[in-house]
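The data block below is input.csv; it holds CSV, C-alpha atoms.
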chain,number,residue,atom,x,y,z
X,25,MET,CA,0.0,0.0,0.0
X,26,VAL,CA,1.3,3.4,-0.9
X,27,GLN,CA,1.9,5.7,2.0
X,28,LEU,CA,4.2,8.6,1.2
X,29,THR,CA,4.9,9.7,4.7
X,30,LEU,CA,6.7,7.9,7.5
X,31,PRO,CA,4.7,6.1,10.3
X,32,ARG,CA,4.4,8.1,13.5
X,33,ASN,CA,7.2,6.2,15.4
X,34,SER,CA,9.6,6.8,12.5
X,35,LYS,CA,9.5,10.5,12.0
X,36,LEU,CA,12.9,12.0,12.4
X,37,VAL,CA,13.9,14.7,14.8
X,38,THR,CA,17.1,16.8,14.9
X,39,GLY,CA,19.6,15.1,17.1
X,40,LYS,CA,23.0,15.9,18.5
X,41,THR,CA,25.6,18.1,16.8
X,42,TRP,CA,28.9,16.6,17.7
X,43,PRO,CA,31.9,18.9,18.3
X,44,LYS,CA,34.2,19.7,15.5
X,45,PRO,CA,37.7,18.0,15.7
X,46,GLU,CA,40.3,20.4,17.0
X,47,GLY,CA,42.9,21.7,14.6
X,48,ALA,CA,41.2,20.2,11.6
X,49,ALA,CA,42.6,21.2,8.2
X,50,LYS,CA,39.6,20.1,5.9
X,51,LEU,CA,36.2,19.7,7.5
X,52,LYS,CA,33.2,18.1,6.0
X,53,LYS,CA,29.7,17.8,7.6
X,54,PHE,CA,27.8,14.5,7.7
X,55,LYS,CA,24.2,14.1,8.7
X,56,ILE,CA,23.7,10.5,10.0
X,57,TYR,CA,20.6,8.6,10.9
X,58,ARG,CA,20.5,7.5,14.5
X,59,TYR,CA,18.2,5.1,16.4
X,60,SER,CA,18.9,3.1,19.5
X,61,PRO,CA,16.4,0.4,20.6
X,62,GLU,CA,17.5,0.8,24.3
X,63,GLU,CA,16.9,4.6,24.3
X,64,GLY,CA,13.8,4.2,22.1
X,65,GLY,CA,12.0,7.4,21.1
X,66,GLN,CA,12.1,9.0,17.7
X,67,PRO,CA,15.0,8.3,15.3
X,68,ARG,CA,17.2,11.4,14.9
X,69,TRP,CA,19.6,13.1,12.6
X,70,ASP,CA,23.0,13.6,14.2
X,71,THR,CA,25.6,16.0,12.8
X,72,PHE,CA,29.2,15.0,12.7
X,73,TRP,CA,32.3,16.9,11.5
X,74,VAL,CA,35.1,14.9,9.9
X,75,ASP,CA,38.6,16.0,9.2
X,76,LEU,CA,39.1,14.6,5.7
X,77,THR,CA,42.8,14.9,5.9
X,78,LYS,CA,42.8,12.2,8.6
X,79,CYS,CA,40.3,9.9,6.9
X,80,GLY,CA,40.5,7.5,4.0
X,81,PRO,CA,38.8,8.2,0.6
X,82,MET,CA,35.6,6.3,1.0
X,83,VAL,CA,32.3,6.9,2.9
X,84,LEU,CA,33.1,3.8,4.9
X,85,ASP,CA,36.3,5.4,6.0
X,86,VAL,CA,34.3,8.3,7.3
X,87,LEU,CA,32.0,6.0,9.3
X,88,ILE,CA,35.1,4.2,10.8
X,89,TYR,CA,36.7,7.6,11.6
X,90,ILE,CA,33.5,8.7,13.5
X,91,LYS,CA,33.4,5.3,15.3
X,92,ASN,CA,37.0,5.6,16.3
X,93,ASN,CA,37.2,9.3,17.1
X,94,VAL,CA,33.8,10.7,17.8
X,95,ASP,CA,31.1,8.3,18.8
X,96,PRO,CA,32.0,4.6,19.4
X,97,SER,CA,28.3,3.7,19.6
X,98,LEU,CA,27.6,4.4,15.9
X,99,ALA,CA,26.4,1.1,14.4
X,100,PHE,CA,26.8,0.0,10.8
X,101,ARG,CA,27.6,-3.3,9.0
X,102,ARG,CA,30.9,-3.7,7.2
X,103,SER,CA,33.2,-6.6,6.4
X,104,CYS,CA,35.3,-6.8,3.2
X,105,ARG,CA,35.7,-3.0,2.6
X,106,GLU,CA,36.3,-3.8,-1.1
X,107,GLY,CA,32.8,-4.2,-2.7
X,108,VAL,CA,32.3,-7.9,-2.6
X,109,CYS,CA,30.4,-8.7,0.6
X,110,GLY,CA,27.6,-6.2,0.3
X,111,SER,CA,27.4,-5.6,4.0
X,112,CYS,CA,27.8,-1.8,4.1
X,113,ALA,CA,24.9,-1.0,1.8
X,114,MET,CA,23.1,2.2,2.9
X,115,ASN,CA,21.6,5.4,1.5
X,116,ILE,CA,24.3,8.0,0.9
X,117,GLY,CA,23.5,11.4,-0.4
X,118,GLY,CA,20.0,10.2,-1.4
X,119,ASN,CA,21.0,7.1,-3.4
X,120,ASN,CA,21.6,3.5,-2.2
X,121,THR,CA,25.1,2.2,-2.6
X,122,ILE,CA,27.8,0.4,-0.7
X,123,ALA,CA,29.8,2.8,1.5
X,124,CYS,CA,33.2,1.0,0.9
X,125,THR,CA,33.3,1.8,-2.9
X,126,LYS,CA,31.7,5.3,-2.7
X,127,GLY,CA,34.2,8.1,-2.4
X,128,TRP,CA,33.1,11.0,-0.2
X,129,ASP,CA,34.3,13.3,-3.0
X,130,GLU,CA,31.8,11.7,-5.4
X,131,VAL,CA,28.8,12.9,-3.3
X,132,ALA,CA,27.6,16.4,-4.2
X,133,GLY,CA,26.7,19.0,-1.7
X,134,ASN,CA,28.2,20.6,1.5
X,135,THR,CA,26.5,18.0,3.8
X,136,ILE,CA,26.5,14.3,3.1
X,137,THR,CA,23.4,12.6,4.4
X,138,ILE,CA,23.7,8.9,5.4
X,139,ALA,CA,20.6,6.8,6.2
X,140,PRO,CA,19.9,3.1,6.4
X,141,LEU,CA,18.5,1.4,3.3
X,142,PRO,CA,15.0,2.8,2.7
X,143,HIS,CA,11.7,1.6,3.9
X,144,LEU,CA,12.9,-1.2,6.2
X,145,PRO,CA,12.6,-1.7,10.0
X,146,VAL,CA,15.7,-0.2,11.6
X,147,VAL,CA,17.5,-2.4,14.1
X,148,ARG,CA,20.0,0.3,15.1
X,149,ASP,CA,21.5,3.4,13.4
X,150,LEU,CA,22.5,2.3,9.9
X,151,VAL,CA,21.6,-1.4,10.4
X,152,PRO,CA,18.2,-2.4,8.9
X,153,ASP,CA,16.4,-5.7,9.2
X,154,LEU,CA,16.8,-7.6,6.0
X,155,THR,CA,14.9,-10.8,7.0
X,156,ASN,CA,12.2,-10.3,4.4
X,157,PHE,CA,14.8,-9.6,1.7
X,158,TYR,CA,16.7,-12.9,2.5
X,159,ALA,CA,13.4,-14.8,2.6
X,160,GLN,CA,12.6,-13.6,-0.9
X,161,HIS,CA,16.1,-14.7,-2.1
X,162,ALA,CA,15.4,-18.1,-0.7
X,163,TYR,CA,12.0,-18.2,-2.4
X,164,VAL,CA,13.6,-18.1,-5.9
X,165,GLN,CA,15.7,-21.2,-5.0
X,166,PRO,CA,19.1,-19.8,-6.2
X,167,PHE,CA,20.8,-23.1,-6.8
X,168,LEU,CA,21.0,-25.6,-9.7
X,169,LYS,CA,18.0,-27.9,-10.0
X,170,THR,CA,18.2,-30.9,-12.3
X,171,ASP,CA,16.3,-34.1,-13.0
X,172,THR,CA,18.8,-36.0,-15.1
X,173,PRO,CA,21.4,-38.1,-13.2
X,174,GLU,CA,24.5,-36.2,-12.3
X,175,PRO,CA,27.3,-36.5,-14.8
X,176,GLU,CA,30.5,-38.2,-13.8
X,177,LYS,CA,32.5,-35.0,-13.8
X,178,GLU,CA,31.0,-31.5,-14.0
X,179,TRP,CA,27.8,-30.2,-15.7
X,180,LYS,CA,29.2,-28.9,-19.0
X,181,GLN,CA,28.5,-25.5,-20.4
X,182,SER,CA,29.7,-23.9,-23.6
X,183,GLU,CA,31.4,-20.5,-23.6
X,184,ASP,CA,28.4,-18.8,-25.0
X,185,GLN,CA,26.1,-20.4,-22.5
X,186,ARG,CA,28.4,-19.3,-19.7
X,187,ASN,CA,28.5,-15.7,-21.1
X,188,GLU,CA,24.7,-15.6,-20.6
X,189,LEU,CA,25.4,-15.4,-16.9
X,190,ASN,CA,27.6,-12.3,-17.1
X,191,GLY,CA,26.0,-9.3,-15.5
X,192,LEU,CA,24.0,-11.6,-13.3
X,193,TYR,CA,26.4,-13.7,-11.2
X,194,GLU,CA,28.2,-10.7,-9.9
X,195,CYS,CA,25.3,-9.7,-7.6
X,196,ILE,CA,26.5,-9.4,-4.0
X,197,LEU,CA,23.0,-9.3,-2.4
X,198,CYS,CA,23.7,-5.9,-0.9
X,199,ALA,CA,19.9,-5.0,-1.3
X,200,SER,CA,20.7,-1.5,-2.7
X,201,CYS,CA,18.4,-2.2,-5.7
X,202,SER,CA,15.4,-3.7,-3.9
X,203,THR,CA,15.3,-1.0,-1.3
X,204,SER,CA,15.6,1.7,-4.0
X,205,CYS,CA,12.4,0.5,-5.7
X,206,PRO,CA,9.2,2.4,-5.0
X,207,SER,CA,7.2,-0.8,-6.0
X,208,TYR,CA,9.2,-2.6,-3.4
X,209,TRP,CA,8.5,0.1,-0.8
X,210,TRP,CA,4.8,-0.1,-1.3
X,211,ASN,CA,4.5,-3.8,-1.9
X,212,GLY,CA,7.6,-5.4,-0.4
X,213,ASP,CA,5.5,-8.1,1.2
X,214,LYS,CA,4.2,-9.4,-2.1
X,215,TYR,CA,6.6,-8.2,-4.8
X,216,LEU,CA,9.9,-10.1,-4.8
X,217,GLY,CA,12.0,-7.0,-5.7
X,218,PRO,CA,14.8,-6.5,-8.2
X,219,ALA,CA,17.6,-8.5,-6.4
X,220,ALA,CA,15.6,-11.7,-6.0
X,221,LEU,CA,14.3,-11.4,-9.6
X,222,LEU,CA,17.8,-10.9,-11.0
X,223,GLN,CA,18.8,-14.1,-9.1
X,224,ALA,CA,15.7,-15.8,-10.5
X,225,TYR,CA,16.7,-14.9,-14.0
X,226,ARG,CA,20.3,-16.0,-13.4
X,227,TRP,CA,18.9,-19.5,-12.9
X,228,LEU,CA,16.2,-19.3,-15.5
X,229,ILE,CA,18.8,-18.8,-18.3
X,230,ASP,CA,21.4,-21.1,-16.9
X,231,SER,CA,21.8,-23.8,-19.6
X,232,ARG,CA,22.4,-26.5,-17.0
X,233,ASP,CA,19.2,-25.8,-15.0
X,234,GLU,CA,16.2,-28.1,-15.7
X,235,ALA,CA,13.5,-26.4,-13.6
X,236,THR,CA,12.8,-23.5,-15.9
X,237,GLY,CA,9.0,-24.3,-16.0
X,238,GLU,CA,8.7,-24.6,-12.2
X,239,ARG,CA,10.7,-21.4,-11.7
X,240,LEU,CA,8.4,-19.5,-14.0
X,241,ASP,CA,5.3,-21.0,-12.3
X,242,ASP,CA,6.7,-19.7,-9.0
X,243,LEU,CA,6.8,-16.1,-10.3
X,244,GLU,CA,3.3,-16.2,-12.0
X,245,ASP,CA,1.0,-14.0,-10.0
X,246,PRO,CA,0.0,-10.3,-10.1
X,247,PHE,CA,2.7,-9.2,-7.6
X,248,LYS,CA,5.8,-11.3,-7.4
X,249,LEU,CA,7.1,-10.3,-10.9
X,250,TYR,CA,4.7,-7.9,-12.4
X,251,ARG,CA,4.9,-5.2,-9.8
X,252,CYS,CA,8.0,-4.1,-11.7
X,253,HIS,CA,6.9,-0.9,-13.7
X,254,THR,CA,10.4,-0.3,-15.0
X,255,ILE,CA,11.0,2.7,-12.8
X,256,MET,CA,14.7,1.9,-13.2
X,257,ASN,CA,15.9,2.9,-9.7
X,258,CYS,CA,17.5,-0.6,-9.4
X,259,ALA,CA,19.7,-0.1,-12.4
X,260,GLN,CA,20.5,3.5,-11.5
X,261,VAL,CA,21.8,2.6,-8.0
X,262,CYS,CA,23.5,-0.9,-8.4
X,263,PRO,CA,27.0,-0.5,-7.0
X,264,LYS,CA,28.2,-3.3,-9.2
X,265,GLY,CA,26.7,-1.8,-12.4
X,266,LEU,CA,24.2,-4.6,-13.0
X,267,ASN,CA,20.8,-4.2,-14.5
X,268,PRO,CA,18.0,-5.9,-12.6
X,269,ALA,CA,15.4,-4.0,-14.7
X,270,LYS,CA,16.6,-5.6,-17.8
X,271,ALA,CA,16.7,-9.1,-16.2
X,272,ILE,CA,13.1,-8.6,-15.1
X,273,ALA,CA,12.0,-7.6,-18.6
X,274,LYS,CA,13.6,-10.8,-19.9
X,275,ILE,CA,11.6,-12.9,-17.3
X,276,LYS,CA,8.4,-11.2,-18.4
X,277,HIS,CA,9.4,-12.1,-22.0
X,278,MET,CA,9.9,-15.8,-21.0
X,279,MET,CA,6.4,-15.7,-19.4
X,280,VAL,CA,4.8,-14.5,-22.6
X,281,GLU,CA,6.8,-16.9,-24.8
X,282,ARG,CA,5.9,-20.0,-23.0
X,283,VAL,CA,2.2,-19.5,-23.4
X,284,SER,CA,2.4,-18.4,-27.1
J,30,MET,CA,5.9,-4.2,4.0
J,31,SER,CA,3.3,-1.5,3.6
J,32,SER,CA,3.6,1.6,5.8
J,33,GLY,CA,-0.1,2.1,6.1
J,34,ASP,CA,-0.3,-0.7,8.7
J,35,TRP,CA,3.1,-0.4,10.2
J,36,THR,CA,2.9,-2.3,13.5
J,37,ASP,CA,6.6,-2.8,14.0
J,38,PRO,CA,7.8,-1.1,17.2
J,39,ARG,CA,11.1,-0.3,15.4
J,40,PRO,CA,11.1,2.8,13.1
J,41,MET,CA,10.8,2.5,9.3
J,42,SER,CA,13.9,3.9,7.6
J,43,PRO,CA,13.2,7.0,5.5
J,44,HIS,CA,12.4,6.5,1.8
J,45,LEU,CA,11.0,9.4,-0.2
J,46,GLN,CA,12.2,11.7,2.6
J,47,VAL,CA,15.8,11.1,1.7
J,48,TRP,CA,15.6,9.9,-1.8
J,49,LYS,CA,17.3,12.0,-4.5
J,50,PRO,CA,14.9,11.8,-7.5
J,51,HIS,CA,16.2,11.2,-10.9
J,52,LEU,CA,14.8,11.3,-14.5
J,53,THR,CA,13.7,7.7,-14.9
J,54,MET,CA,11.8,7.7,-11.6
J,55,ALA,CA,10.2,11.1,-12.6
J,56,ALA,CA,9.2,9.7,-16.0
J,57,SER,CA,7.6,6.6,-14.4
J,58,ILE,CA,5.4,8.6,-12.1
J,59,THR,CA,4.6,11.1,-14.9
J,60,GLN,CA,3.5,8.1,-17.0
J,61,ARG,CA,1.1,7.1,-14.2
J,62,ILE,CA,-0.2,10.6,-13.7
J,63,THR,CA,-0.7,11.3,-17.4
J,64,GLY,CA,-2.4,7.9,-17.8
J,65,VAL,CA,-5.0,8.8,-15.1
J,66,ALA,CA,-5.4,12.3,-16.6
J,67,LEU,CA,-6.1,10.8,-20.0
J,68,TYR,CA,-8.7,8.5,-18.5
J,69,PHE,CA,-10.6,11.5,-17.3
J,70,GLY,CA,-9.8,13.6,-20.4
J,71,THR,CA,-11.6,10.9,-22.4
J,72,PHE,CA,-14.9,11.8,-20.7
J,73,LEU,CA,-14.5,15.3,-22.1
J,74,ILE,CA,-13.7,14.1,-25.6
J,75,THR,CA,-16.6,11.6,-25.5
J,76,ALA,CA,-19.0,14.4,-24.3
J,77,TRP,CA,-17.8,16.6,-27.2
J,78,VAL,CA,-18.2,13.8,-29.8
J,79,PHE,CA,-21.6,12.9,-28.3
J,80,ALA,CA,-22.8,16.6,-28.5
J,81,LEU,CA,-21.5,16.8,-32.1
J,82,ALA,CA,-23.7,13.9,-33.1
J,83,MET,CA,-26.8,15.5,-31.7
J,84,PRO,CA,-29.2,16.7,-34.3
J,85,ALA,CA,-29.1,20.5,-35.0
J,86,LYS,CA,-32.0,22.8,-34.2
J,87,ALA,CA,-34.6,23.6,-36.8
J,88,ASP,CA,-32.9,27.0,-37.6
J,89,GLY,CA,-29.6,25.3,-38.2
J,90,ALA,CA,-28.0,26.3,-34.8
J,91,PRO,CA,-26.1,23.5,-33.0
J,92,ALA,CA,-27.8,21.5,-30.4
J,93,GLU,CA,-28.0,22.9,-26.9
J,94,CYS,CA,-25.6,20.4,-25.3
J,95,TYR,CA,-23.0,21.2,-28.0
J,96,THR,CA,-23.2,24.9,-27.1
J,97,VAL,CA,-22.6,23.9,-23.4
J,98,ILE,CA,-19.5,21.8,-24.3
J,99,GLU,CA,-18.2,24.4,-26.6
J,100,SER,CA,-18.4,27.1,-23.9
J,101,ILE,CA,-16.5,24.8,-21.5
J,102,ILE,CA,-13.8,24.0,-24.0
J,103,SER,CA,-13.3,27.6,-25.1
J,104,SER,CA,-13.2,29.1,-21.6
J,105,VAL,CA,-9.8,29.9,-20.2
J,106,PHE,CA,-10.0,26.9,-17.8
J,107,GLY,CA,-11.0,24.7,-20.7
J,108,GLN,CA,-8.1,25.9,-22.9
J,109,ILE,CA,-5.6,25.3,-20.1
J,110,LEU,CA,-7.0,21.8,-19.6
J,111,LEU,CA,-6.7,21.1,-23.3
J,112,VAL,CA,-3.0,22.3,-23.4
J,113,LEU,CA,-2.2,20.0,-20.5
J,114,TRP,CA,-4.2,17.2,-22.1
J,115,ALA,CA,-2.2,17.5,-25.3
J,116,ALA,CA,1.0,17.4,-23.4
J,117,ALA,CA,-0.2,14.4,-21.5
J,118,VAL,CA,-1.2,12.6,-24.7
J,119,LEU,CA,2.2,13.2,-26.2
J,120,PHE,CA,4.2,12.2,-23.1
J,121,HIS,CA,2.1,9.0,-22.7
J,122,LEU,CA,2.6,8.2,-26.3
J,123,ALA,CA,6.4,8.7,-26.3
J,124,ASN,CA,6.8,6.9,-23.0
J,125,GLY,CA,4.5,4.2,-24.1
J,126,ILE,CA,6.6,3.5,-27.2
J,127,ARG,CA,9.6,3.3,-24.8
J,128,HIS,CA,7.8,0.7,-22.7
J,129,LEU,CA,7.2,-1.3,-25.9
J,130,LEU,CA,11.0,-1.2,-26.7
J,131,TRP,CA,11.8,-2.1,-23.1
J,132,ASP,CA,9.5,-5.1,-23.0
J,133,GLY,CA,10.0,-6.2,-26.6
J,134,PRO,CA,13.5,-6.0,-27.9
J,135,HIS,CA,14.8,-5.0,-24.4
J,136,LEU,CA,16.3,-1.7,-25.7
J,137,GLY,CA,17.3,1.3,-23.7
J,138,PHE,CA,18.0,-0.2,-20.3
J,139,GLU,CA,21.4,1.4,-19.8
J,140,PRO,CA,20.8,3.9,-17.0
J,141,LYS,CA,22.3,6.8,-19.0
J,142,THR,CA,20.3,5.9,-22.1
J,143,ALA,CA,17.1,5.6,-20.0
J,144,SER,CA,17.7,9.0,-18.3
J,145,ALA,CA,18.3,10.7,-21.7
J,146,TRP,CA,15.2,9.1,-23.1
J,147,SER,CA,13.1,10.3,-20.2
J,148,ALA,CA,14.4,13.8,-20.8
J,149,PHE,CA,13.5,13.5,-24.4
J,150,ASN,CA,9.9,12.4,-23.6
J,151,TYR,CA,9.4,15.5,-21.5
J,152,ILE,CA,10.8,17.8,-24.2
J,153,PHE,CA,8.7,16.0,-26.8
J,154,ALA,CA,5.5,16.5,-24.7
J,155,ILE,CA,6.1,20.2,-24.1
J,156,VAL,CA,7.4,21.2,-27.5
J,157,GLY,CA,4.7,19.0,-29.2
J,158,ALA,CA,1.9,20.6,-27.2
J,159,ALA,CA,3.3,24.0,-28.0
J,160,ALA,CA,3.5,23.2,-31.7
J,161,ILE,CA,-0.1,21.9,-31.8
J,162,TRP,CA,-1.3,25.1,-30.2
J,163,PHE,CA,0.8,27.3,-32.5
J,164,ALA,CA,-0.5,25.4,-35.5
J,165,ALA,CA,-4.1,25.8,-34.2
J,166,ALA,CA,-3.7,29.5,-33.7
J,167,TYR,CA,-1.8,30.6,-36.8
J,168,ILE,CA,-2.3,28.1,-39.5

Could you write out this file's structure as structure tokens?
Amino acid sequence: MVQLTLPRNSKLVTGKTWPKPEGAAKLKKFKIYRYSPEEGGQPRWDTFWVDLTKCGPMVLDVLIYIKNNVDPSLAFRRSCREGVCGSCAMNIGGNNTIACTKGWDEVAGNTITIAPLPHLPVVRDLVPDLTNFYAQHAYVQPFLKTDTPEPEKEWKQSEDQRNELNGLYECILCASCSTSCPSYWWNGDKYLGPAALLQAYRWLIDSRDEATGERLDDLEDPFKLYRCHTIMNCAQVCPKGLNPAKAIAKIKHMMVERVS
Amino acid sequence: MSSGDWTDPRPMSPHLQVWKPHLTMAASITQRITGVALYFGTFLITAWVFALAMPAKADGAPAECYTVIESIISSVFGQILLVLWAAAVLFHLANGIRHLLWDGPHLGFEPKTASAWSAFNYIFAIVGAAAIWFAAAYI
């Protein structure tokens, strides 16, 4: 259901402005979403000042700087710091991306706003609850399904067949795309969202997979697939440069082709 | 998860409140809005065609209901409505063709291409509506 405003318990208030670091050469202002389940109350925007000369080039470096030097209670997910784990996905400067590969110099404006991935329950600060997102990933059964007996060695695939998977297998499940999608915001309980659908397509066109019919059956309802209206937010934000919108269009095409 | 019945004690993270809009997103919502507008605009066109088909009066003057529709359409409000309607038709047409190319041959999915195409659709609608009005007024 479409509701353009935030629920009452989610409305943001102005929070704390943390002191500027002393003797800083190059200061930048960051507005960061804060919520603590122990303190409760409304979530708030805290303002931090970061000395960019003492901080690495990425937005993740900024968050680590703040955690180390200003407020150790700031919570965010991170692991690989090189764009392969997808943990540090968040909304930076109004677009979803992963903090570890986004340079702070790439974000326009005097103040950089950092919020958790949109339209999700917030566990703490920049950490959202992705339970539903993972359940949707599980729903598309992202693994090889076959009926024929296993070959003695590997399942073989030609070079062309393997190339079909380029632009799909690279997905790191960071959830930037799904949580950028207005259709997913309004119908995230019924619409699978771009990430899960890109994964679904990755298995639908895998030459080794033998469950194509079943997989399409599982997507055939008014919401799971067809809530995609090609708004293109997914492709605009994907930090890996993938195109879920195109993958979804191709699934829709497969749906039409199998009945005609 | 719809926000209308948000029962979670935890807050919902901001969405439209923080989102930085871009062209493809704008074109998508414009497609929806112009579609709804065209739906209602069709009533006006239907009323006009209907009135046109009414038999004229004995003295050759148009039927009464035609005069009413005519007066609505030629009023300032009616004219503004018609300009907007023309722009809506043109936008919906251009963007509709794009949807065909998206869903058929899967063309124009690159974010940069899609953004440029969205911009073109807006320009097409505005320039097209202006050209129609110019032609109606001076040709």

To one decimal place in Å, what is the distance between atom CA of X:Ala162 and atom CA of X:Gly110?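 Going from atom CA of X:Ala162 over to atom CA of X:Gly110, I get 17.1 Å.
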
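Here atom CA of J:Val47 is placed at a distance of 26.0 Å from atom CA of X:Ile272.
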
Which chain J residues are at most 8 Å from chain X (counting all atoms listed in the file), as a tab-separated table (two decimals) with C-alpha atoms, keeping the file's coordinate frame?
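Written output follows (result21.tsv):
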chain	number	residue	atom	x	y	z
J	30	MET	CA	5.90	-4.20	4.00
J	31	SER	CA	3.30	-1.50	3.60
J	32	SER	CA	3.60	1.60	5.80
J	33	GLY	CA	-0.10	2.10	6.10
J	35	TRP	CA	3.10	-0.40	10.20
J	37	ASP	CA	6.60	-2.80	14.00
J	38	PRO	CA	7.80	-1.10	17.20
J	39	ARG	CA	11.10	-0.30	15.40
J	40	PRO	CA	11.10	2.80	13.10
J	41	MET	CA	10.80	2.50	9.30
J	42	SER	CA	13.90	3.90	7.60
J	43	PRO	CA	13.20	7.00	5.50
J	44	HIS	CA	12.40	6.50	1.80
J	45	LEU	CA	11.00	9.40	-0.20
J	46	GLN	CA	12.20	11.70	2.60
J	47	VAL	CA	15.80	11.10	1.70
J	48	TRP	CA	15.60	9.90	-1.80
J	49	LYS	CA	17.30	12.00	-4.50
J	53	THR	CA	13.70	7.70	-14.90
J	54	MET	CA	11.80	7.70	-11.60
J	56	ALA	CA	9.20	9.70	-16.00
J	57	SER	CA	7.60	6.60	-14.40
J	131	TRP	CA	11.80	-2.10	-23.10
J	132	ASP	CA	9.50	-5.10	-23.00
J	133	GLY	CA	10.00	-6.20	-26.60
J	135	HIS	CA	14.80	-5.00	-24.40
J	138	PHE	CA	18.00	-0.20	-20.30
J	139	GLU	CA	21.40	1.40	-19.80
J	140	PRO	CA	20.80	3.90	-17.00

Mind checking which residues fall within 10 Å of stretch 181-193 of chain X, counting all atoms listed in the file, ignoring those fewer than 6 positions away in the same chain, and posting them as a VMD selection string? chain X and resid 219 222 to 227 229 to 232 264 to 268 271

If you measure from atom CA of X:Cys201 to atom CA of J:Thr36, what distance in Å do you get, rounded to one decimal? 24.7 Å

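Nearest residue to X:Met279 among X:Gly237, X:Asp171, X:Tyr158, X:Lys248 is X:Gly237, counting only C-alpha atoms.
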
Extract, using all atoms listed in the file, all DNA, RNA and protein residues at most 9 Å from stretch 112-123 of chain J, discarding same-chain residues fewer than 5 positions from it, and format them as a list in words. Thr59, Gln60, Arg61, Ile62, Thr63, Gly64, Ala66, Leu67, Gly70, Gly107, His128, Phe149, Asn150, Tyr151, Ile152, Phe153, Ala154, Ile155, Val156, Gly157, Ala158, Ala159, Ile161 and Trp162 of chain J

Contacts of X:Tyr163 at 9 Å or less, counting only C-alpha atoms, minus same-chain residues fewer than 6 places along, as a CSV table (one decimal) with C-alpha atoms, keeping the file's coordinate frame?
chain,number,residue,atom,x,y,z
X,216,LEU,CA,9.9,-10.1,-4.8
X,220,ALA,CA,15.6,-11.7,-6.0
X,242,ASP,CA,6.7,-19.7,-9.0

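The shortest atom-to-atom distance to X:Ser207, with only C-alpha atoms taken into account, belongs to X:Leu249 out of X:Arg58, X:Leu249, X:Val86, X:Val74.
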
The residue from X:Ala132, X:Ala199, X:Ala123, X:Leu240 with the smallest atom-to-atom distance to X:Gly80, counting all atoms listed in the file, is X:Ala123

With distances taken over all atoms listed in the file, which of J:Leu81, J:Val65, J:Ile168, J:Ile109 is nearest to J:Thr96? J:Leu81

Using all atoms listed in the file, pick whichever of X:Thr125, X:Thr135, X:Asn93, X:Ser284 has the shortest atom-to-atom distance to X:Val108.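 With all atoms listed in the file as the atom set, the closest residue is X:Thr125.
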